[in-house]
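Have a look at input_11.cif; it's mmCIF, C-alpha atoms:
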```cif
data_my_file
loop_
_atom_site.group_PDB
_atom_site.id
_atom_site.type_symbol
_atom_site.label_atom_id
_atom_site.label_comp_id
_atom_site.auth_asym_id
_atom_site.auth_seq_id
_atom_site.Cartn_x
_atom_site.Cartn_y
_atom_site.Cartn_z
ATOM 1 C CA MET R 1 4.924 16.025 11.824
ATOM 2 C CA ILE R 2 4.004 12.812 10.013
ATOM 3 C CA ASN R 3 2.207 13.266 6.714
ATOM 4 C CA VAL R 4 -0.705 11.210 5.512
ATOM 5 C CA VAL R 5 -0.198 10.580 1.799
ATOM 6 C CA ASN R 6 -3.360 10.144 -0.251
ATOM 7 C CA LEU R 7 -2.537 8.170 -3.384
ATOM 8 C CA ALA R 8 -5.432 9.547 -5.443
ATOM 9 C CA GLU R 9 -4.454 13.124 -4.593
ATOM 10 C CA LYS R 10 -0.847 12.489 -5.527
ATOM 11 C CA PHE R 11 -1.795 10.833 -8.828
ATOM 12 C CA SER R 12 -4.034 13.813 -9.631
ATOM 13 C CA LEU R 13 -0.933 16.031 -9.557
ATOM 14 C CA ILE R 14 0.884 13.970 -12.172
ATOM 15 C CA THR R 15 0.430 15.290 -15.698
ATOM 16 C CA LYS R 16 3.171 13.430 -17.535
ATOM 17 C CA GLN R 17 3.447 9.718 -18.240
ATOM 18 C CA TRP R 18 6.596 7.717 -17.422
ATOM 19 C CA ASP R 19 7.680 10.398 -14.965
ATOM 20 C CA PRO R 20 7.921 8.758 -11.524
ATOM 21 C CA LYS R 21 7.577 10.905 -8.420
ATOM 22 C CA ILE R 22 8.569 10.068 -4.858
ATOM 23 C CA ILE R 23 5.769 10.018 -2.289
ATOM 24 C CA ALA R 24 7.424 8.414 0.741
ATOM 25 C CA GLN R 25 10.763 7.368 2.166
ATOM 26 C CA LEU R 26 11.266 4.213 4.247
ATOM 27 C CA ASN R 27 14.830 4.267 5.583
ATOM 28 C CA ASP R 28 16.894 4.387 2.359
ATOM 29 C CA TYR R 29 14.030 3.201 0.163
ATOM 30 C CA HIS R 30 11.690 5.330 -1.904
ATOM 31 C CA PHE R 31 8.038 4.706 -2.680
ATOM 32 C CA LYS R 32 7.287 6.246 -6.070
ATOM 33 C CA ILE R 33 4.183 6.594 -8.195
ATOM 34 C CA ALA R 34 3.851 6.944 -11.952
ATOM 35 C CA LYS R 35 1.268 7.084 -14.685
ATOM 36 C CA ILE R 36 2.279 4.944 -17.606
ATOM 37 C CA GLN R 37 0.899 4.110 -21.031
ATOM 38 C CA GLY R 38 2.552 2.435 -23.994
ATOM 39 C CA GLU R 39 5.819 0.526 -23.750
ATOM 40 C CA PHE R 40 8.901 1.351 -21.733
ATOM 41 C CA VAL R 41 12.413 0.085 -22.510
ATOM 42 C CA TRP R 42 13.959 -3.267 -21.655
ATOM 43 C CA HIS R 43 16.225 -2.886 -18.633
ATOM 44 C CA SER R 44 17.270 -4.492 -15.382
ATOM 45 C CA HIS R 45 18.441 -3.314 -11.987
ATOM 46 C CA PRO R 46 21.596 -5.325 -11.264
ATOM 47 C CA GLU R 47 21.699 -4.199 -7.620
ATOM 48 C CA THR R 48 18.115 -4.408 -6.425
ATOM 49 C CA ASP R 49 14.716 -6.006 -6.545
ATOM 50 C CA GLU R 50 11.809 -3.739 -7.494
ATOM 51 C CA VAL R 51 8.189 -3.827 -6.319
ATOM 52 C CA PHE R 52 5.325 -2.885 -8.643
ATOM 53 C CA LEU R 53 1.795 -2.428 -7.270
ATOM 54 C CA VAL R 54 -1.057 -1.511 -9.607
ATOM 55 C CA VAL R 55 -3.214 1.214 -8.056
ATOM 56 C CA ASP R 56 -5.471 1.576 -11.100
ATOM 57 C CA GLY R 57 -5.600 0.079 -14.574
ATOM 58 C CA LYS R 58 -3.732 -2.865 -16.014
ATOM 59 C CA LEU R 59 0.020 -3.352 -16.178
ATOM 60 C CA THR R 60 1.968 -5.766 -18.328
ATOM 61 C CA ILE R 61 5.550 -6.538 -17.421
ATOM 62 C CA GLN R 62 7.331 -8.214 -20.270
ATOM 63 C CA LEU R 63 9.961 -10.715 -19.140
ATOM 64 C CA PRO R 64 12.357 -12.928 -21.099
ATOM 65 C CA ASP R 65 10.125 -15.948 -20.422
ATOM 66 C CA GLY R 66 6.731 -14.339 -21.039
ATOM 67 C CA ASP R 67 4.497 -11.577 -19.800
ATOM 68 C CA LEU R 68 3.181 -10.823 -16.330
ATOM 69 C CA HIS R 69 -0.286 -9.284 -16.211
ATOM 70 C CA LEU R 70 -1.283 -7.243 -13.169
ATOM 71 C CA SER R 71 -4.583 -5.539 -12.419
ATOM 72 C CA ARG R 72 -5.598 -3.095 -9.719
ATOM 73 C CA GLY R 73 -4.671 -4.405 -6.293
ATOM 74 C CA GLU R 74 -1.990 -6.757 -7.592
ATOM 75 C CA LEU R 75 1.746 -6.555 -7.035
ATOM 76 C CA CYS R 76 4.913 -8.343 -8.028
ATOM 77 C CA VAL R 77 8.604 -8.221 -7.243
ATOM 78 C CA ILE R 78 11.029 -8.133 -10.154
ATOM 79 C CA PRO R 79 14.214 -9.719 -8.782
ATOM 80 C CA LYS R 80 17.473 -7.875 -9.206
ATOM 81 C CA GLY R 81 19.156 -8.508 -12.521
ATOM 82 C CA VAL R 82 16.015 -9.703 -14.299
ATOM 83 C CA GLU R 83 15.359 -7.949 -17.603
ATOM 84 C CA HIS R 84 11.878 -6.480 -17.805
ATOM 85 C CA LYS R 85 9.829 -4.015 -19.827
ATOM 86 C CA PRO R 86 6.739 -2.421 -18.271
ATOM 87 C CA ALA R 87 3.873 -1.638 -20.627
ATOM 88 C CA ALA R 88 0.214 -0.605 -20.467
ATOM 89 C CA GLU R 89 -2.362 -0.332 -23.246
ATOM 90 C CA GLN R 90 -4.439 2.210 -21.336
ATOM 91 C CA GLU R 91 -3.110 4.652 -18.782
ATOM 92 C CA CYS R 92 -2.173 2.769 -15.633
ATOM 93 C CA GLN R 93 -1.295 4.044 -12.163
ATOM 94 C CA ILE R 94 1.515 2.225 -10.428
ATOM 95 C CA LEU R 95 3.277 2.377 -7.070
ATOM 96 C CA MET R 96 6.899 1.261 -6.983
ATOM 97 C CA ALA R 97 9.280 0.594 -4.100
ATOM 98 C CA GLU R 98 13.037 0.410 -4.464
ATOM 99 C CA PRO R 99 16.215 1.864 -2.961
ATOM 100 C CA ALA R 100 16.603 5.627 -3.263
ATOM 101 C CA GLY R 101 18.597 6.501 -6.347
ATOM 102 C CA THR R 102 17.415 3.531 -8.403
ATOM 103 C CA LEU R 103 17.118 4.753 -11.994
ATOM 104 C CA ASN R 104 13.909 4.089 -13.920
ATOM 105 C CA THR R 105 15.863 2.723 -16.869
ATOM 106 C CA GLY R 106 18.265 0.690 -14.706
ATOM 107 C CA ASP R 107 21.304 -0.494 -16.647
ATOM 108 C CA ALA R 108 19.847 0.504 -20.009
ATOM 109 C CA GLY R 109 20.129 4.278 -19.699
ATOM 110 C CA GLY R 110 19.036 6.334 -22.685
ATOM 111 C CA GLU R 111 16.737 9.241 -23.305
ATOM 112 C CA ARG R 112 13.914 8.015 -21.067
ATOM 113 C CA THR R 113 16.123 8.067 -17.979
ATOM 114 C CA ILE R 114 14.985 10.369 -15.171
ATOM 115 C CA GLU R 115 18.273 11.343 -13.520
ATOM 116 C CA GLU R 116 16.740 13.079 -10.510
ATOM 117 C CA THR R 117 13.390 11.768 -9.379
ATOM 118 C CA GLU R 118 11.463 14.501 -7.580
ATOM 119 C CA TRP R 119 9.039 14.408 -4.688
ATOM 120 C CA ILE R 120 5.419 15.193 -5.323
ATOM 121 C CA MET Y 1 8.875 -17.770 -11.832
ATOM 122 C CA ILE Y 2 7.629 -14.391 -10.648
ATOM 123 C CA ASN Y 3 4.353 -14.462 -8.745
ATOM 124 C CA VAL Y 4 1.549 -11.969 -9.121
ATOM 125 C CA VAL Y 5 0.179 -11.274 -5.646
ATOM 126 C CA ASN Y 6 -3.476 -10.315 -5.476
ATOM 127 C CA LEU Y 7 -4.093 -8.356 -2.279
ATOM 128 C CA ALA Y 8 -7.805 -9.228 -2.047
ATOM 129 C CA GLU Y 9 -7.035 -12.931 -2.417
ATOM 130 C CA LYS Y 10 -4.355 -12.781 0.258
ATOM 131 C CA PHE Y 11 -6.621 -10.877 2.666
ATOM 132 C CA SER Y 12 -9.351 -13.476 2.104
ATOM 133 C CA LEU Y 13 -6.991 -16.103 3.543
ATOM 134 C CA ILE Y 14 -6.500 -14.221 6.797
ATOM 135 C CA THR Y 15 -8.854 -15.337 9.531
ATOM 136 C CA LYS Y 16 -7.201 -13.806 12.586
ATOM 137 C CA GLN Y 17 -6.797 -10.159 13.485
ATOM 138 C CA TRP Y 18 -3.430 -8.641 14.461
ATOM 139 C CA ASP Y 19 -1.642 -11.547 12.788
ATOM 140 C CA PRO Y 20 0.548 -10.094 10.017
ATOM 141 C CA LYS Y 21 1.530 -12.283 7.101
ATOM 142 C CA ILE Y 22 4.297 -11.748 4.563
ATOM 143 C CA ILE Y 23 3.240 -11.401 0.934
ATOM 144 C CA ALA Y 24 6.415 -10.157 -0.773
ATOM 145 C CA GLN Y 25 10.132 -9.655 -0.247
ATOM 146 C CA LEU Y 26 12.061 -6.695 -1.673
ATOM 147 C CA ASN Y 27 15.758 -7.301 -1.008
ATOM 148 C CA ASP Y 28 15.842 -7.588 2.798
ATOM 149 C CA TYR Y 29 12.467 -5.918 3.291
ATOM 150 C CA HIS Y 30 9.132 -7.613 3.787
ATOM 151 C CA PHE Y 31 5.727 -6.452 2.643
ATOM 152 C CA LYS Y 32 3.136 -7.729 5.102
ATOM 153 C CA ILE Y 33 -0.627 -7.561 5.346
ATOM 154 C CA ALA Y 34 -2.864 -7.712 8.386
ATOM 155 C CA LYS Y 35 -6.480 -7.386 9.410
ATOM 156 C CA ILE Y 36 -6.802 -5.289 12.530
ATOM 157 C CA GLN Y 37 -9.601 -4.134 14.813
ATOM 158 C CA GLY Y 38 -9.449 -2.598 18.255
ATOM 159 C CA GLU Y 39 -6.299 -1.188 19.773
ATOM 160 C CA PHE Y 40 -2.769 -2.516 19.582
ATOM 161 C CA VAL Y 41 0.006 -1.712 22.082
ATOM 162 C CA TRP Y 42 2.224 1.357 22.263
ATOM 163 C CA HIS Y 43 5.627 0.530 20.801
ATOM 164 C CA SER Y 44 8.394 1.845 18.597
ATOM 165 C CA HIS Y 45 10.956 0.381 16.229
ATOM 166 C CA PRO Y 46 14.285 1.889 17.293
ATOM 167 C CA GLU Y 47 16.066 0.611 14.178
ATOM 168 C CA THR Y 48 13.677 1.282 11.343
ATOM 169 C CA ASP Y 49 10.939 3.350 9.765
ATOM 170 C CA GLU Y 50 7.658 1.558 9.018
ATOM 171 C CA VAL Y 51 5.200 2.104 6.170
ATOM 172 C CA PHE Y 52 1.454 1.668 6.683
ATOM 173 C CA LEU Y 53 -0.907 1.665 3.684
ATOM 174 C CA VAL Y 54 -4.643 1.250 4.200
ATOM 175 C CA VAL Y 55 -6.072 -1.202 1.664
ATOM 176 C CA ASP Y 56 -9.585 -1.137 3.107
ATOM 177 C CA GLY Y 57 -11.263 0.515 6.096
ATOM 178 C CA LYS Y 58 -9.992 3.213 8.402
ATOM 179 C CA LEU Y 59 -6.818 3.181 10.466
ATOM 180 C CA THR Y 60 -5.921 5.368 13.400
ATOM 181 C CA ILE Y 61 -2.306 5.595 14.469
ATOM 182 C CA GLN Y 62 -1.998 7.124 17.891
ATOM 183 C CA LEU Y 63 1.153 9.180 18.353
ATOM 184 C CA PRO Y 64 2.508 11.103 21.339
ATOM 185 C CA ASP Y 65 1.372 14.383 19.745
ATOM 186 C CA GLY Y 66 -2.043 13.288 18.474
ATOM 187 C CA ASP Y 67 -3.710 10.820 16.176
ATOM 188 C CA LEU Y 68 -3.161 10.131 12.489
ATOM 189 C CA HIS Y 69 -6.263 9.074 10.564
ATOM 190 C CA LEU Y 70 -5.847 7.104 7.369
ATOM 191 C CA SER Y 71 -8.503 5.841 4.978
ATOM 192 C CA ARG Y 72 -8.331 3.442 2.042
ATOM 193 C CA GLY Y 73 -5.618 4.506 -0.380
ATOM 194 C CA GLU Y 74 -3.678 6.488 2.190
ATOM 195 C CA LEU Y 75 -0.249 5.744 3.600
ATOM 196 C CA CYS Y 76 2.194 7.097 6.137
ATOM 197 C CA VAL Y 77 5.699 6.430 7.336
ATOM 198 C CA ILE Y 78 6.271 6.106 11.074
ATOM 199 C CA PRO Y 79 9.890 7.170 11.578
ATOM 200 C CA LYS Y 80 12.181 4.922 13.534
ATOM 201 C CA GLY Y 81 12.025 5.438 17.256
ATOM 202 C CA VAL Y 82 8.616 7.133 17.231
ATOM 203 C CA GLU Y 83 6.140 5.615 19.671
ATOM 204 C CA HIS Y 84 2.863 4.660 18.015
ATOM 205 C CA LYS Y 85 -0.253 2.597 18.617
ATOM 206 C CA PRO Y 86 -2.317 1.392 15.647
ATOM 207 C CA ALA Y 87 -6.054 1.115 16.173
ATOM 208 C CA ALA Y 88 -9.227 0.608 14.153
ATOM 209 C CA GLU Y 89 -12.867 0.815 15.217
ATOM 210 C CA GLN Y 90 -14.014 -1.485 12.418
ATOM 211 C CA GLU Y 91 -11.925 -4.200 10.810
ATOM 212 C CA CYS Y 92 -9.263 -2.585 8.647
ATOM 213 C CA GLN Y 93 -6.944 -4.117 6.066
ATOM 214 C CA ILE Y 94 -3.404 -2.780 6.070
ATOM 215 C CA LEU Y 95 -0.222 -3.306 4.084
ATOM 216 C CA MET Y 96 3.051 -2.715 5.880
ATOM 217 C CA ALA Y 97 6.638 -2.509 4.636
ATOM 218 C CA GLU Y 98 9.667 -2.844 6.869
ATOM 219 C CA PRO Y 99 12.919 -4.796 7.137
ATOM 220 C CA ALA Y 100 12.565 -8.566 7.448
ATOM 221 C CA GLY Y 101 12.564 -9.577 11.088
ATOM 222 C CA THR Y 102 10.938 -6.392 12.377
ATOM 223 C CA LEU Y 103 8.686 -7.416 15.252
ATOM 224 C CA ASN Y 104 5.087 -6.231 15.302
ATOM 225 C CA THR Y 105 5.435 -5.039 18.880
ATOM 226 C CA GLY Y 106 8.848 -3.459 18.328
ATOM 227 C CA ASP Y 107 10.609 -2.621 21.574
ATOM 228 C CA ALA Y 108 7.518 -3.284 23.699
ATOM 229 C CA GLY Y 109 7.376 -7.074 23.432
ATOM 230 C CA GLY Y 110 4.632 -8.836 25.350
ATOM 231 C CA GLU Y 111 1.957 -11.364 24.618
ATOM 232 C CA ARG Y 112 0.881 -9.829 21.303
ATOM 233 C CA THR Y 113 4.315 -10.337 19.775
ATOM 234 C CA ILE Y 114 4.452 -12.545 16.675
ATOM 235 C CA GLU Y 115 7.939 -14.040 16.900
ATOM 236 C CA GLU Y 116 7.938 -15.646 13.464
ATOM 237 C CA THR Y 117 5.859 -13.921 10.844
ATOM 238 C CA GLU Y 118 4.750 -16.426 8.210
ATOM 239 C CA TRP Y 119 4.188 -16.103 4.486
ATOM 240 C CA ILE Y 120 0.675 -16.350 3.169
#
```

Transcribe the structure of this file into structure tokens.
Amino acid sequence: MINVVNLAEKFSLITKQWDPKIIAQLNDYHFKIAKIQGEFVWHSHPETDEVFLVVDGKLTIQLPDGDLHLSRGELCVIPKGVEHKPAAEQECQILMAEPAGTLNTGDAGGERTIEETEWI
Amino acid sequence: MINVVNLAEKFSLITKQWDPKIIAQLNDYHFKIAKIQGEFVWHSHPETDEVFLVVDGKLTIQLPDGDLHLSRGELCVIPKGVEHKPAAEQECQILMAEPAGTLNTGDAGGERTIEETEWI
């Protein structure tokens, strides 16, 4: 049985910001969604690139050399090892793709780390 | 320099149906977009899963056990080795994710095979 995943339905189930949930698995990669607002922490993923796609709202990704600004229907790839800090003034819905087990806080760790990302 | 990829802009550059173009690379995976209409060919990818996300329109994926129907904002993962045939009555815009080098016709080959998928 192959599931059809409706992004809007899945986002409607998310009640907490900065709490990514897995919605699909592609080989050993996870597709995750999250609602975010405010600023995250500076971090990098030394082992992997990371895709961000904005499903709704506006996303800023702070980088050492300046900010990236993404609106609905826009995506970017943060290369492995590049420090970045996601942020959003208003609540923003994002889709991420990265290898299973990739931590949200990357090499930074700390209290905002989600050790076990759950499916939704 | 990290690019922001606007899906609508990229789709506006595509003039030919069933001609996937690469828009992003995540490690050794490609994110591709395509405009499709009509029926493709039955095929499978013995080595990899494949993600389909509908950006606009309606997509049918025929499977041995029945059809999957996806609308805008819906995605599915076709597991590796599962025979499938994408189809769309009206022109549909899709985003796909799969390992770089995955052929559009998988194990079926034939005249609709795109040997070298290009970036757009």

TODO: Counting all atoms listed in the file, figure out which residue out of R:Asp107, R:Glu9, R:Glu115, R:Asp19 gets nearest to chain Y.
DONE: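 Answer, going by the shortest atom-to-atom distance: R:Glu9.
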
Open item on the list: Applying the PyMOL selection byres ((chain R) within 10 of (chain Y)) to the file I just gave you, which residues come out? Please list them as a ChimeraX atom specification.
Closed with: /R:1-9,23-29,31,47-53,55,63,65,68-80,97-99

Return chain Y as a PDB file with C-alpha atoms, keeping the file's coordinate frame, after superposing it on chain R by a least-squares fit that covers all C-alpha atoms paired in order.
```
ATOM      1  CA  MET Y   1       4.950  16.015  11.802  1.00  0.00           C
ATOM      2  CA  ILE Y   2       4.018  12.803  10.017  1.00  0.00           C
ATOM      3  CA  ASN Y   3       2.215  13.262   6.716  1.00  0.00           C
ATOM      4  CA  VAL Y   4      -0.709  11.207   5.514  1.00  0.00           C
ATOM      5  CA  VAL Y   5      -0.201  10.579   1.802  1.00  0.00           C
ATOM      6  CA  ASN Y   6      -3.353  10.140  -0.243  1.00  0.00           C
ATOM      7  CA  LEU Y   7      -2.526   8.166  -3.382  1.00  0.00           C
ATOM      8  CA  ALA Y   8      -5.436   9.544  -5.437  1.00  0.00           C
ATOM      9  CA  GLU Y   9      -4.448  13.112  -4.582  1.00  0.00           C
ATOM     10  CA  LYS Y  10      -0.832  12.482  -5.524  1.00  0.00           C
ATOM     11  CA  PHE Y  11      -1.799  10.826  -8.822  1.00  0.00           C
ATOM     12  CA  SER Y  12      -4.036  13.804  -9.627  1.00  0.00           C
ATOM     13  CA  LEU Y  13      -0.929  16.014  -9.560  1.00  0.00           C
ATOM     14  CA  ILE Y  14       0.879  13.957 -12.182  1.00  0.00           C
ATOM     15  CA  THR Y  15       0.429  15.288 -15.687  1.00  0.00           C
ATOM     16  CA  LYS Y  16       3.172  13.422 -17.533  1.00  0.00           C
ATOM     17  CA  GLN Y  17       3.458   9.723 -18.243  1.00  0.00           C
ATOM     18  CA  TRP Y  18       6.600   7.708 -17.427  1.00  0.00           C
ATOM     19  CA  ASP Y  19       7.676  10.394 -14.965  1.00  0.00           C
ATOM     20  CA  PRO Y  20       7.920   8.754 -11.524  1.00  0.00           C
ATOM     21  CA  LYS Y  21       7.578  10.894  -8.431  1.00  0.00           C
ATOM     22  CA  ILE Y  22       8.560  10.072  -4.862  1.00  0.00           C
ATOM     23  CA  ILE Y  23       5.766  10.018  -2.293  1.00  0.00           C
ATOM     24  CA  ALA Y  24       7.417   8.404   0.742  1.00  0.00           C
ATOM     25  CA  GLN Y  25      10.770   7.362   2.163  1.00  0.00           C
ATOM     26  CA  LEU Y  26      11.264   4.217   4.255  1.00  0.00           C
ATOM     27  CA  ASN Y  27      14.827   4.268   5.589  1.00  0.00           C
ATOM     28  CA  ASP Y  28      16.876   4.393   2.370  1.00  0.00           C
ATOM     29  CA  TYR Y  29      14.026   3.199   0.163  1.00  0.00           C
ATOM     30  CA  HIS Y  30      11.686   5.328  -1.895  1.00  0.00           C
ATOM     31  CA  PHE Y  31       8.049   4.705  -2.690  1.00  0.00           C
ATOM     32  CA  LYS Y  32       7.281   6.239  -6.073  1.00  0.00           C
ATOM     33  CA  ILE Y  33       4.187   6.595  -8.205  1.00  0.00           C
ATOM     34  CA  ALA Y  34       3.856   6.943 -11.952  1.00  0.00           C
ATOM     35  CA  LYS Y  35       1.261   7.092 -14.686  1.00  0.00           C
ATOM     36  CA  ILE Y  36       2.280   4.943 -17.615  1.00  0.00           C
ATOM     37  CA  GLN Y  37       0.903   4.107 -21.048  1.00  0.00           C
ATOM     38  CA  GLY Y  38       2.568   2.434 -23.990  1.00  0.00           C
ATOM     39  CA  GLU Y  39       5.816   0.535 -23.747  1.00  0.00           C
ATOM     40  CA  PHE Y  40       8.903   1.358 -21.734  1.00  0.00           C
ATOM     41  CA  VAL Y  41      12.419   0.074 -22.502  1.00  0.00           C
ATOM     42  CA  TRP Y  42      13.961  -3.283 -21.649  1.00  0.00           C
ATOM     43  CA  HIS Y  43      16.223  -2.889 -18.627  1.00  0.00           C
ATOM     44  CA  SER Y  44      17.264  -4.496 -15.375  1.00  0.00           C
ATOM     45  CA  HIS Y  45      18.441  -3.318 -11.978  1.00  0.00           C
ATOM     46  CA  PRO Y  46      21.596  -5.321 -11.257  1.00  0.00           C
ATOM     47  CA  GLU Y  47      21.703  -4.188  -7.622  1.00  0.00           C
ATOM     48  CA  THR Y  48      18.137  -4.405  -6.426  1.00  0.00           C
ATOM     49  CA  ASP Y  49      14.717  -6.003  -6.544  1.00  0.00           C
ATOM     50  CA  GLU Y  50      11.803  -3.738  -7.502  1.00  0.00           C
ATOM     51  CA  VAL Y  51       8.190  -3.821  -6.326  1.00  0.00           C
ATOM     52  CA  PHE Y  52       5.332  -2.880  -8.657  1.00  0.00           C
ATOM     53  CA  LEU Y  53       1.801  -2.428  -7.280  1.00  0.00           C
ATOM     54  CA  VAL Y  54      -1.050  -1.509  -9.609  1.00  0.00           C
ATOM     55  CA  VAL Y  55      -3.208   1.216  -8.060  1.00  0.00           C
ATOM     56  CA  ASP Y  56      -5.466   1.592 -11.092  1.00  0.00           C
ATOM     57  CA  GLY Y  57      -5.602   0.080 -14.581  1.00  0.00           C
ATOM     58  CA  LYS Y  58      -3.730  -2.858 -16.022  1.00  0.00           C
ATOM     59  CA  LEU Y  59       0.021  -3.354 -16.180  1.00  0.00           C
ATOM     60  CA  THR Y  60       1.967  -5.757 -18.331  1.00  0.00           C
ATOM     61  CA  ILE Y  61       5.549  -6.534 -17.419  1.00  0.00           C
ATOM     62  CA  GLN Y  62       7.337  -8.222 -20.265  1.00  0.00           C
ATOM     63  CA  LEU Y  63       9.957 -10.719 -19.138  1.00  0.00           C
ATOM     64  CA  PRO Y  64      12.356 -12.928 -21.091  1.00  0.00           C
ATOM     65  CA  ASP Y  65      10.117 -15.951 -20.428  1.00  0.00           C
ATOM     66  CA  GLY Y  66       6.725 -14.336 -21.030  1.00  0.00           C
ATOM     67  CA  ASP Y  67       4.488 -11.570 -19.806  1.00  0.00           C
ATOM     68  CA  LEU Y  68       3.175 -10.824 -16.330  1.00  0.00           C
ATOM     69  CA  HIS Y  69      -0.290  -9.266 -16.212  1.00  0.00           C
ATOM     70  CA  LEU Y  70      -1.285  -7.252 -13.176  1.00  0.00           C
ATOM     71  CA  SER Y  71      -4.579  -5.535 -12.423  1.00  0.00           C
ATOM     72  CA  ARG Y  72      -5.590  -3.073  -9.717  1.00  0.00           C
ATOM     73  CA  GLY Y  73      -4.669  -4.416  -6.295  1.00  0.00           C
ATOM     74  CA  GLU Y  74      -1.993  -6.749  -7.595  1.00  0.00           C
ATOM     75  CA  LEU Y  75       1.741  -6.552  -7.032  1.00  0.00           C
ATOM     76  CA  CYS Y  76       4.916  -8.334  -8.023  1.00  0.00           C
ATOM     77  CA  VAL Y  77       8.596  -8.216  -7.244  1.00  0.00           C
ATOM     78  CA  ILE Y  78      11.031  -8.120 -10.154  1.00  0.00           C
ATOM     79  CA  PRO Y  79      14.210  -9.703  -8.787  1.00  0.00           C
ATOM     80  CA  LYS Y  80      17.468  -7.879  -9.214  1.00  0.00           C
ATOM     81  CA  GLY Y  81      19.158  -8.511 -12.514  1.00  0.00           C
ATOM     82  CA  VAL Y  82      16.011  -9.705 -14.295  1.00  0.00           C
ATOM     83  CA  GLU Y  83      15.365  -7.948 -17.594  1.00  0.00           C
ATOM     84  CA  HIS Y  84      11.875  -6.476 -17.800  1.00  0.00           C
ATOM     85  CA  LYS Y  85       9.827  -4.019 -19.824  1.00  0.00           C
ATOM     86  CA  PRO Y  86       6.732  -2.420 -18.273  1.00  0.00           C
ATOM     87  CA  ALA Y  87       3.866  -1.639 -20.617  1.00  0.00           C
ATOM     88  CA  ALA Y  88       0.215  -0.611 -20.476  1.00  0.00           C
ATOM     89  CA  GLU Y  89      -2.363  -0.342 -23.251  1.00  0.00           C
ATOM     90  CA  GLN Y  90      -4.437   2.203 -21.339  1.00  0.00           C
ATOM     91  CA  GLU Y  91      -3.099   4.656 -18.786  1.00  0.00           C
ATOM     92  CA  CYS Y  92      -2.168   2.765 -15.635  1.00  0.00           C
ATOM     93  CA  GLN Y  93      -1.296   4.053 -12.175  1.00  0.00           C
ATOM     94  CA  ILE Y  94       1.523   2.230 -10.429  1.00  0.00           C
ATOM     95  CA  LEU Y  95       3.287   2.378  -7.081  1.00  0.00           C
ATOM     96  CA  MET Y  96       6.897   1.261  -6.982  1.00  0.00           C
ATOM     97  CA  ALA Y  97       9.281   0.599  -4.094  1.00  0.00           C
ATOM     98  CA  GLU Y  98      13.036   0.416  -4.459  1.00  0.00           C
ATOM     99  CA  PRO Y  99      16.210   1.877  -2.958  1.00  0.00           C
ATOM    100  CA  ALA Y 100      16.599   5.644  -3.258  1.00  0.00           C
ATOM    101  CA  GLY Y 101      18.594   6.504  -6.349  1.00  0.00           C
ATOM    102  CA  THR Y 102      17.420   3.533  -8.409  1.00  0.00           C
ATOM    103  CA  LEU Y 103      17.117   4.753 -11.988  1.00  0.00           C
ATOM    104  CA  ASN Y 104      13.919   4.088 -13.909  1.00  0.00           C
ATOM    105  CA  THR Y 105      15.868   2.721 -16.855  1.00  0.00           C
ATOM    106  CA  GLY Y 106      18.262   0.697 -14.705  1.00  0.00           C
ATOM    107  CA  ASP Y 107      21.291  -0.506 -16.632  1.00  0.00           C
ATOM    108  CA  ALA Y 108      19.842   0.505 -20.007  1.00  0.00           C
ATOM    109  CA  GLY Y 109      20.120   4.284 -19.702  1.00  0.00           C
ATOM    110  CA  GLY Y 110      19.016   6.341 -22.679  1.00  0.00           C
ATOM    111  CA  GLU Y 111      16.729   9.248 -23.312  1.00  0.00           C
ATOM    112  CA  ARG Y 112      13.911   8.010 -21.069  1.00  0.00           C
ATOM    113  CA  THR Y 113      16.120   8.086 -17.988  1.00  0.00           C
ATOM    114  CA  ILE Y 114      14.970  10.370 -15.166  1.00  0.00           C
ATOM    115  CA  GLU Y 115      18.256  11.348 -13.526  1.00  0.00           C
ATOM    116  CA  GLU Y 116      16.733  13.069 -10.509  1.00  0.00           C
ATOM    117  CA  THR Y 117      13.390  11.758  -9.382  1.00  0.00           C
ATOM    118  CA  GLU Y 118      11.461  14.494  -7.584  1.00  0.00           C
ATOM    119  CA  TRP Y 119       9.043  14.398  -4.680  1.00  0.00           C
ATOM    120  CA  ILE Y 120       5.424  15.189  -5.327  1.00  0.00           C
TER     121      ILE Y 120
END
```

TODO: Write out as a ChimeraX atom specification the residues lying within 7 Å of Gln62 (chain R), counting all atoms listed in the file and excluding same-chain residues fewer than 5 positions away.
DONE: /R:67-68,84-86

Task: Interatomic distance (Å, one decimal) between CA of Gly106 (chain Y) and CA of Gln93 (chain Y) - done: 20.0 Å

TODO: With a distance cut-off of 7 Å and all atoms listed in the file, select the neighbouring residues of Ile120 (chain R), excluding the residue or stretch itself and same-chain residues fewer than 5 positions from it, and output the selection as a PyMOL selection string.
DONE: chain R and resi 10+21-23

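Distance-wise, CA of Asn104 (chain R) and CA of Ile36 (chain R) end up 12.2 Å apart.
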
Could you work out an axis-aligned bounding box for all listed atoms of region 55-70 of chain R, with 3 Å added on each of the six sides, and give its centre and edge lengths in Å to one decimal, as lines of an AutoDock Vina configuration file?
```
center_x = 3.4
center_y = -7.2
center_z = -14.6
size_x = 24.0
size_y = 23.5
size_z = 19.0
```

For the file shown, report as a JSON list (two decimals) with C-alpha atoms, in the frame of the given file the outcome of the PyMOL selection byres ((chain R and resi 18) around 9) at residue level.
```json
[["chain", "number", "residue", "atom", "x", "y", "z"],
["R", 16, "LYS", "CA", 3.17, 13.43, -17.54],
["R", 17, "GLN", "CA", 3.45, 9.72, -18.24],
["R", 19, "ASP", "CA", 7.68, 10.40, -14.96],
["R", 20, "PRO", "CA", 7.92, 8.76, -11.52],
["R", 34, "ALA", "CA", 3.85, 6.94, -11.95],
["R", 35, "LYS", "CA", 1.27, 7.08, -14.68],
["R", 36, "ILE", "CA", 2.28, 4.94, -17.61],
["R", 37, "GLN", "CA", 0.90, 4.11, -21.03],
["R", 40, "PHE", "CA", 8.90, 1.35, -21.73],
["R", 104, "ASN", "CA", 13.91, 4.09, -13.92],
["R", 112, "ARG", "CA", 13.91, 8.02, -21.07]]
```
